[in-house]
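As stored in entry36.pdb (PDB, C-alpha atoms, pLDDT in the B column):
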```
MODEL        1
ATOM      1  CA  MET A   1      47.902 -12.203  16.366  1.00 67.00           C
ATOM      2  CA  ILE A   2      47.346  -9.020  18.378  1.00 78.00           C
ATOM      3  CA  LEU A   3      44.436 -10.643  20.178  1.00 77.00           C
ATOM      4  CA  GLY A   4      46.646 -13.576  21.105  1.00 77.00           C
ATOM      5  CA  PHE A   5      49.369 -11.266  22.383  1.00 82.00           C
ATOM      6  CA  LEU A   6      46.866  -9.455  24.606  1.00 86.00           C
ATOM      7  CA  ALA A   7      45.591 -12.769  25.965  1.00 85.00           C
ATOM      8  CA  VAL A   8      49.135 -13.938  26.713  1.00 86.00           C
ATOM      9  CA  LEU A   9      49.972 -10.638  28.389  1.00 87.00           C
ATOM     10  CA  SER A  10      46.869 -10.760  30.567  1.00 89.00           C
ATOM     11  CA  ALA A  11      47.513 -14.350  31.665  1.00 88.00           C
ATOM     12  CA  SER A  12      51.202 -13.660  32.338  1.00 89.00           C
ATOM     13  CA  VAL A  13      50.570 -10.665  34.577  1.00 90.00           C
ATOM     14  CA  ALA A  14      47.981 -12.699  36.498  1.00 90.00           C
ATOM     15  CA  ALA A  15      50.604 -15.393  37.087  1.00 89.00           C
ATOM     16  CA  GLY A  16      52.988 -12.707  38.299  1.00 88.00           C
ATOM     17  CA  MET A  17      50.607 -11.950  41.162  1.00 90.00           C
ATOM     18  CA  ARG A  18      49.498 -15.418  42.255  1.00 90.00           C
ATOM     19  CA  ILE A  19      50.520 -18.936  41.250  1.00 90.00           C
ATOM     20  CA  ALA A  20      47.794 -21.416  42.154  1.00 90.00           C
ATOM     21  CA  LEU A  21      44.780 -19.084  42.103  1.00 90.00           C
ATOM     22  CA  PRO A  22      44.741 -18.319  38.353  1.00 90.00           C
ATOM     23  CA  ILE A  23      45.584 -21.934  37.491  1.00 88.00           C
ATOM     24  CA  LEU A  24      42.708 -23.125  39.690  1.00 89.00           C
ATOM     25  CA  VAL A  25      40.257 -20.727  38.022  1.00 88.00           C
ATOM     26  CA  ILE A  26      41.180 -21.914  34.523  1.00 84.00           C
ATOM     27  CA  LEU A  27      41.310 -25.531  35.657  1.00 84.00           C
ATOM     28  CA  LEU A  28      37.713 -25.272  36.857  1.00 85.00           C
ATOM     29  CA  LEU A  29      36.435 -23.417  33.791  1.00 82.00           C
ATOM     30  CA  TYR A  30      38.594 -24.793  30.973  1.00 74.00           C
ATOM     31  CA  GLY A  31      40.036 -28.037  32.245  1.00 69.00           C
ATOM     32  CA  GLU A  32      41.183 -29.792  29.087  1.00 67.00           C
ATOM     33  CA  PRO A  33      43.301 -27.034  27.448  1.00 61.00           C
ATOM     34  CA  LEU A  34      45.168 -26.403  30.689  1.00 64.00           C
ATOM     35  CA  LEU A  35      45.742 -30.069  31.524  1.00 66.00           C
ATOM     36  CA  VAL A  36      47.677 -30.524  28.290  1.00 65.00           C
ATOM     37  CA  ASN A  37      50.213 -27.878  29.357  1.00 63.00           C
ATOM     38  CA  LEU A  38      50.688 -29.005  32.961  1.00 66.00           C
ATOM     39  CA  LEU A  39      53.906 -30.713  31.978  1.00 60.00           C
ATOM     40  CA  PHE A  40      54.750 -32.821  35.008  1.00 63.00           C
ATOM     41  CA  LEU A  41      51.264 -33.049  36.521  1.00 67.00           C
ATOM     42  CA  ARG A  42      49.031 -34.004  33.611  1.00 66.00           C
ATOM     43  CA  TRP A  43      49.289 -37.700  34.489  1.00 71.00           C
ATOM     44  CA  LEU A  44      47.335 -37.000  37.687  1.00 75.00           C
ATOM     45  CA  PRO A  45      43.514 -37.211  37.664  1.00 78.00           C
ATOM     46  CA  SER A  46      41.776 -33.864  37.294  1.00 77.00           C
ATOM     47  CA  GLN A  47      40.143 -34.219  40.727  1.00 83.00           C
ATOM     48  CA  VAL A  48      43.555 -34.581  42.348  1.00 84.00           C
ATOM     49  CA  LEU A  49      44.894 -31.549  40.485  1.00 83.00           C
ATOM     50  CA  ILE A  50      41.908 -29.461  41.538  1.00 86.00           C
ATOM     51  CA  SER A  51      42.450 -30.505  45.156  1.00 89.00           C
ATOM     52  CA  ILE A  52      46.162 -29.628  45.006  1.00 88.00           C
ATOM     53  CA  PHE A  53      45.613 -26.195  43.503  1.00 89.00           C
ATOM     54  CA  THR A  54      42.657 -25.483  45.792  1.00 92.00           C
ATOM     55  CA  ILE A  55      44.825 -26.051  48.872  1.00 93.00           C
ATOM     56  CA  TRP A  56      47.647 -24.024  47.342  1.00 90.00           C
ATOM     57  CA  ALA A  57      45.283 -21.175  46.401  1.00 92.00           C
ATOM     58  CA  LEU A  58      43.818 -21.085  49.908  1.00 93.00           C
ATOM     59  CA  PHE A  59      47.325 -20.913  51.312  1.00 92.00           C
ATOM     60  CA  GLU A  60      48.092 -17.972  49.005  1.00 91.00           C
ATOM     61  CA  LEU A  61      44.914 -16.154  49.984  1.00 90.00           C
ATOM     62  CA  LEU A  62      45.480 -16.584  53.721  1.00 91.00           C
ATOM     63  CA  ALA A  63      49.263 -16.214  53.859  1.00 88.00           C
ATOM     64  CA  SER A  64      49.234 -13.016  51.815  1.00 87.00           C
ATOM     65  CA  LYS A  65      47.334 -11.261  54.612  1.00 88.00           C
ATOM     66  CA  GLN A  66      50.109 -11.727  57.216  1.00 87.00           C
ATOM     67  CA  LEU A  67      53.711 -10.546  57.249  1.00 87.00           C
ATOM     68  CA  LEU A  68      55.251 -13.967  57.892  1.00 87.00           C
ATOM     69  CA  GLY A  69      53.071 -15.526  55.225  1.00 86.00           C
ATOM     70  CA  GLN A  70      54.093 -12.829  52.772  1.00 87.00           C
ATOM     71  CA  ARG A  71      57.755 -13.613  53.392  1.00 89.00           C
ATOM     72  CA  VAL A  72      57.192 -17.277  52.617  1.00 90.00           C
ATOM     73  CA  LEU A  73      55.101 -16.460  49.557  1.00 87.00           C
ATOM     74  CA  GLN A  74      57.753 -14.167  48.091  1.00 88.00           C
ATOM     75  CA  VAL A  75      60.200 -17.059  47.867  1.00 88.00           C
ATOM     76  CA  ILE A  76      57.675 -19.607  46.600  1.00 89.00           C
ATOM     77  CA  GLN A  77      56.112 -17.295  44.045  1.00 88.00           C
ATOM     78  CA  LEU A  78      59.447 -16.016  42.798  1.00 89.00           C
ATOM     79  CA  ILE A  79      60.452 -19.604  42.009  1.00 90.00           C
ATOM     80  CA  PHE A  80      57.180 -20.758  40.460  1.00 90.00           C
ATOM     81  CA  ALA A  81      56.036 -17.530  38.749  1.00 90.00           C
ATOM     82  CA  PRO A  82      57.931 -18.254  35.485  1.00 90.00           C
ATOM     83  CA  LEU A  83      56.467 -21.763  35.326  1.00 89.00           C
ATOM     84  CA  ALA A  84      52.927 -20.539  36.015  1.00 88.00           C
ATOM     85  CA  GLY A  85      53.358 -17.788  33.435  1.00 88.00           C
ATOM     86  CA  PHE A  86      54.602 -20.326  30.898  1.00 88.00           C
ATOM     87  CA  VAL A  87      51.637 -22.659  31.434  1.00 86.00           C
ATOM     88  CA  LEU A  88      48.937 -19.982  31.515  1.00 87.00           C
ATOM     89  CA  SER A  89      50.248 -17.977  28.565  1.00 86.00           C
ATOM     90  CA  LEU A  90      50.653 -21.121  26.474  1.00 84.00           C
ATOM     91  CA  THR A  91      47.114 -22.214  27.337  1.00 83.00           C
ATOM     92  CA  ALA A  92      45.709 -18.760  26.551  1.00 84.00           C
ATOM     93  CA  ALA A  93      47.518 -18.693  23.201  1.00 81.00           C
ATOM     94  CA  GLN A  94      46.118 -22.092  22.265  1.00 80.00           C
ATOM     95  CA  PHE A  95      42.635 -21.134  23.433  1.00 80.00           C
ATOM     96  CA  VAL A  96      42.408 -17.989  21.284  1.00 77.00           C
ATOM     97  CA  GLY A  97      44.003 -19.767  18.331  1.00 74.00           C
ATOM     98  CA  VAL A  98      47.377 -18.062  17.968  1.00 73.00           C
ATOM     99  CA  GLU A  99      49.034 -19.264  14.761  1.00 72.00           C
ATOM    100  CA  PHE A 100      52.575 -18.333  15.770  1.00 69.00           C
ATOM    101  CA  ARG A 101      55.032 -21.225  15.828  1.00 76.00           C
ATOM    102  CA  PRO A 102      56.765 -22.520  17.860  1.00 80.00           C
ATOM    103  CA  LEU A 103      54.281 -21.979  20.666  1.00 75.00           C
ATOM    104  CA  TRP A 104      56.850 -22.629  23.371  1.00 79.00           C
ATOM    105  CA  LEU A 105      58.381 -19.229  22.565  1.00 85.00           C
ATOM    106  CA  ILE A 106      55.086 -17.628  23.574  1.00 83.00           C
ATOM    107  CA  GLY A 107      55.170 -19.609  26.799  1.00 84.00           C
ATOM    108  CA  LEU A 108      58.738 -18.485  27.409  1.00 89.00           C
ATOM    109  CA  LEU A 109      57.751 -14.851  26.887  1.00 87.00           C
ATOM    110  CA  GLY A 110      54.846 -15.264  29.295  1.00 87.00           C
ATOM    111  CA  GLY A 111      57.125 -16.802  31.903  1.00 89.00           C
ATOM    112  CA  MET A 112      59.547 -13.889  31.627  1.00 91.00           C
ATOM    113  CA  ILE A 113      56.752 -11.334  32.029  1.00 89.00           C
ATOM    114  CA  SER A 114      55.445 -13.157  35.103  1.00 90.00           C
ATOM    115  CA  PHE A 115      58.917 -13.269  36.618  1.00 91.00           C
ATOM    116  CA  VAL A 116      59.470  -9.538  36.049  1.00 87.00           C
ATOM    117  CA  CYS A 117      56.135  -8.670  37.667  1.00 87.00           C
ATOM    118  CA  LYS A 118      56.864 -10.875  40.663  1.00 89.00           C
ATOM    119  CA  LEU A 119      60.387  -9.498  40.971  1.00 87.00           C
ATOM    120  CA  VAL A 120      59.059  -5.942  41.171  1.00 86.00           C
ATOM    121  CA  LEU A 121      56.496  -6.928  43.810  1.00 86.00           C
ATOM    122  CA  THR A 122      59.208  -8.689  45.809  1.00 86.00           C
ATOM    123  CA  GLY A 123      61.348  -5.566  45.664  1.00 81.00           C
ATOM    124  CA  TRP A 124      58.504  -3.455  47.019  1.00 80.00           C
ATOM    125  CA  PHE A 125      57.858  -6.032  49.726  1.00 83.00           C
ATOM    126  CA  PHE A 126      61.395  -5.692  51.070  1.00 81.00           C
ATOM    127  CA  ARG A 127      61.427  -1.934  50.677  1.00 80.00           C
ATOM    128  CA  LEU A 128      58.149  -1.469  52.571  1.00 79.00           C
ATOM    129  CA  ARG A 129      58.931  -4.371  54.945  1.00 81.00           C
ATOM    130  CA  GLY A 130      55.620  -5.955  54.061  1.00 81.00           C
ATOM    131  CA  LEU A 131      52.830  -5.233  51.609  1.00 82.00           C
ATOM    132  CA  PRO A 132      49.718  -3.511  53.012  1.00 84.00           C
ATOM    133  CA  LEU A 133      46.587  -5.565  53.557  1.00 86.00           C
ATOM    134  CA  TRP A 134      44.524  -3.585  51.071  1.00 89.00           C
ATOM    135  CA  TRP A 135      47.034  -4.354  48.330  1.00 87.00           C
ATOM    136  CA  SER A 136      46.743  -8.096  49.009  1.00 88.00           C
ATOM    137  CA  PHE A 137      42.997  -7.943  48.407  1.00 91.00           C
ATOM    138  CA  ILE A 138      43.475  -5.889  45.243  1.00 90.00           C
ATOM    139  CA  GLU A 139      46.080  -8.381  44.051  1.00 89.00           C
ATOM    140  CA  ASP A 140      43.647 -11.282  44.549  1.00 90.00           C
ATOM    141  CA  PHE A 141      40.936  -9.449  42.646  1.00 91.00           C
ATOM    142  CA  LEU A 142      43.199  -8.387  39.777  1.00 90.00           C
ATOM    143  CA  CYS A 143      44.648 -11.869  39.453  1.00 90.00           C
ATOM    144  CA  VAL A 144      41.238 -13.518  38.953  1.00 91.00           C
ATOM    145  CA  TRP A 145      40.026 -10.664  36.773  1.00 90.00           C
ATOM    146  CA  LEU A 146      43.028 -10.784  34.447  1.00 90.00           C
ATOM    147  CA  VAL A 147      43.055 -14.546  33.989  1.00 89.00           C
ATOM    148  CA  LEU A 148      39.332 -14.539  33.167  1.00 88.00           C
ATOM    149  CA  PHE A 149      39.796 -11.696  30.709  1.00 88.00           C
ATOM    150  CA  ALA A 150      42.673 -13.576  29.073  1.00 85.00           C
ATOM    151  CA  PHE A 151      40.227 -16.271  27.961  1.00 84.00           C
ATOM    152  CA  ARG A 152      36.975 -14.334  27.649  1.00 82.00           C
ATOM    153  CA  SER A 153      37.936 -10.786  26.701  1.00 83.00           C
ATOM    154  CA  PRO A 154      41.622 -10.524  25.732  1.00 81.00           C
ATOM    155  CA  GLN A 155      41.236  -6.917  24.571  1.00 83.00           C
ATOM    156  CA  HIS A 156      40.254  -5.653  28.009  1.00 86.00           C
ATOM    157  CA  GLY A 157      42.617  -7.953  29.868  1.00 82.00           C
ATOM    158  CA  GLY A 158      45.551  -7.013  27.655  1.00 82.00           C
ATOM    159  CA  VAL A 159      45.000  -3.286  28.118  1.00 86.00           C
ATOM    160  CA  ILE A 160      44.768  -3.648  31.899  1.00 88.00           C
ATOM    161  CA  ALA A 161      47.858  -5.868  31.901  1.00 86.00           C
ATOM    162  CA  MET A 162      49.829  -3.323  29.849  1.00 87.00           C
ATOM    163  CA  ILE A 163      48.911  -0.569  32.307  1.00 88.00           C
ATOM    164  CA  LEU A 164      49.977  -2.728  35.247  1.00 85.00           C
ATOM    165  CA  LEU A 165      53.188  -3.717  33.486  1.00 82.00           C
ATOM    166  CA  TRP A 166      53.980  -0.065  32.787  1.00 84.00           C
ATOM    167  CA  LEU A 167      53.376   0.780  36.443  1.00 83.00           C
ATOM    168  CA  ALA A 168      55.621  -2.123  37.459  1.00 77.00           C
ATOM    169  CA  VAL A 169      58.462  -0.879  35.256  1.00 77.00           C
ATOM    170  CA  ARG A 170      58.077   2.687  36.513  1.00 78.00           C
ATOM    171  CA  SER A 171      57.983   1.583  40.133  1.00 73.00           C
ATOM    172  CA  SER A 172      61.011  -0.652  39.618  1.00 68.00           C
ATOM    173  CA  THR A 173      63.076   2.388  38.634  1.00 70.00           C
ATOM    174  CA  GLU A 174      62.011   4.118  41.851  1.00 67.00           C
ATOM    175  CA  TRP A 175      62.882   1.010  43.856  1.00 62.00           C
ATOM    176  CA  LYS A 176      66.285   0.765  42.153  1.00 63.00           C
ATOM    177  CA  ARG A 177      66.984   4.458  42.814  1.00 67.00           C
ATOM    178  CA  TYR A 178      66.093   3.973  46.469  1.00 62.00           C
ATOM    179  CA  TYR A 179      68.309   0.895  46.739  1.00 60.00           C
ATOM    180  CA  ASP A 180      71.266   2.524  44.962  1.00 65.00           C
ATOM    181  CA  GLY A 181      70.949   5.643  47.080  1.00 64.00           C
ATOM    182  CA  GLY A 182      71.063   3.641  50.288  1.00 57.00           C
ATOM    183  CA  ARG A 183      73.848   1.242  49.327  1.00 51.00           C
ATOM    184  CA  SER A 184      76.092   3.065  46.869  1.00 42.00           C
ATOM    185  CA  PRO A 185      79.578   3.920  48.225  1.00 39.00           C
ATOM    186  CA  GLN A 186      80.801   7.480  48.347  1.00 43.00           C
ATOM    187  CA  ARG A 187      82.742   8.732  45.385  1.00 41.00           C
ATOM    188  CA  PRO A 188      86.364   9.829  46.053  1.00 39.00           C
ATOM    189  CA  GLU A 189      85.609  13.476  45.302  1.00 44.00           C
ATOM    190  CA  ASP A 190      82.742  13.408  47.798  1.00 46.00           C
ATOM    191  CA  VAL A 191      85.091  12.090  50.470  1.00 39.00           C
ATOM    192  CA  VAL A 192      87.660  14.818  49.711  1.00 42.00           C
ATOM    193  CA  ASP A 193      85.005  17.523  49.833  1.00 50.00           C
ATOM    194  CA  GLY A 194      83.742  16.178  53.139  1.00 50.00           C
ATOM    195  CA  GLU A 195      87.215  16.167  54.682  1.00 47.00           C
ATOM    196  CA  SER A 196      87.895  19.702  53.422  1.00 50.00           C
ATOM    197  CA  GLY A 197      84.677  20.894  54.985  1.00 50.00           C
ATOM    198  CA  ARG A 198      85.572  19.337  58.321  1.00 50.00           C
ATOM    199  CA  GLU A 199      89.052  20.925  58.246  1.00 49.00           C
ATOM    200  CA  GLY A 200      87.517  24.327  57.536  1.00 49.00           C
ATOM    201  CA  ASP A 201      85.170  23.955  60.473  1.00 49.00           C
ATOM    202  CA  THR A 202      88.103  23.033  62.728  1.00 47.00           C
ATOM    203  CA  GLU A 203      90.118  26.109  61.709  1.00 48.00           C
ATOM    204  CA  MET A 204      87.158  28.386  62.313  1.00 48.00           C
ATOM    205  CA  GLY A 205      86.727  26.865  65.745  1.00 47.00           C
TER     206      GLY A 205
ENDMDL
END
```
Can you dump the structure from the file as structure tokens?
Amino acid sequence: MILGFLAVLSASVAAGMRIALPILVILLLYGEPLLVNLLFLRWLPSQVLISIFTIWALFELLASKQLLGQRVLQVIQLIFAPLAGFVLSLTAAQFVGVEFRPLWLIGLLGGMISFVCKLVLTGWFFRLRGLPLWWSFIEDFLCVWLVLFAFRSPQHGGVIAMILLWLAVRSSTEWKRYYDGGRSPQRPEDVVDGESGREGDTEMG
């Protein structure tokens, strides 16, 4: 059960970074288990699916290196991250033989984790007005690494995913504090204190 949870966590965090890239990797290595969970696309031939996700993955890899491409990706990935997390986590759970039922709850949990990770990254994108190039390369590497670990070494992938998830939660609090500090209205007592200070300066002048 713990092994399955680590596999699900690793696959979910990978889906929170990229959408098509981790699906393409698993589609190439473990085609059959993933095809079962591609709800609306499993009727397509596997060659067509590989072509679709290859083009999508190339778009992710290239667009993530430019500011305009990053803007487009934030919207696309924010929409599809829960679905990718659902599919990958469900496939990982089935692959490692998780006995928990119903399995769709595991997929739902994976989708939520993916959405949270992507939401934090989107917040940092708007705060920094674009993610640095070096982070895009690290994100590509971590995404492939985590999704491979989810199926081949869930212990290592789960530990790395937990560390990344902890960093995401910690950084989200910093992002929220920054946002609240820049947008929060002044409290009434602050306004009164400010006016009193200005009146005192006027009298001294």
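Against this structure, the PyMOL selection byres ((chain A and resi 100-112) around 9) ends up with Met1, Phe5, Val8, Leu9, Ala11, Ser12, Val13, Ala15, Gly16, Ala81, Pro82, Leu83, Ala84, Gly85, Phe86, Val87, Leu88, Ser89, Leu90, Thr91, Ala93, Gln94, Val98, Glu99, Ile113, Ser114, Phe115, Val116 and Cys117 of chain A.
In terms of minimum interatomic distance to Gln70 (chain A), A:Trp135 ranks closest within A:Trp135, A:Gln155, A:Leu165, A:Val48, counting only C-alpha atoms.
Comparing A:Leu44, A:Leu164, A:Ile79, A:Leu49 by their smallest distance to Ser10 (chain A), the closest is A:Leu164 (using only C-alpha atoms).
CA of Pro132 (chain A) to CA of Leu58 (chain A) spans 18.8 Å [interatomic distance, one decimal].
Residues within 9 Å of region 148-152 of chain A, counting all atoms listed in the file and excluding same-chain residues fewer than 4 positions away, are Gly4, Leu6, Ala7, Val8, Leu9, Ser10, Ala11, Pro22, Val25, Ile26, Ser89, Ala92, Phe95, Val96, Cys143, Val144, His156, Gly157 and Gly158 of chain A.
Within 8 Å of the file-frame point (50.4, -9.4, 55.5), and using all atoms listed in the file, the polymer residues found are Ala63, Ser64, Lys65, Gln66, Leu67, Leu68, Gly69, Gln70, Gly130, Leu131, Pro132, Leu133 and Ser136 of chain A.
From CA of Ala14 (chain A) back to CA of Gly123 (chain A), the distance works out to 17.7 Å.
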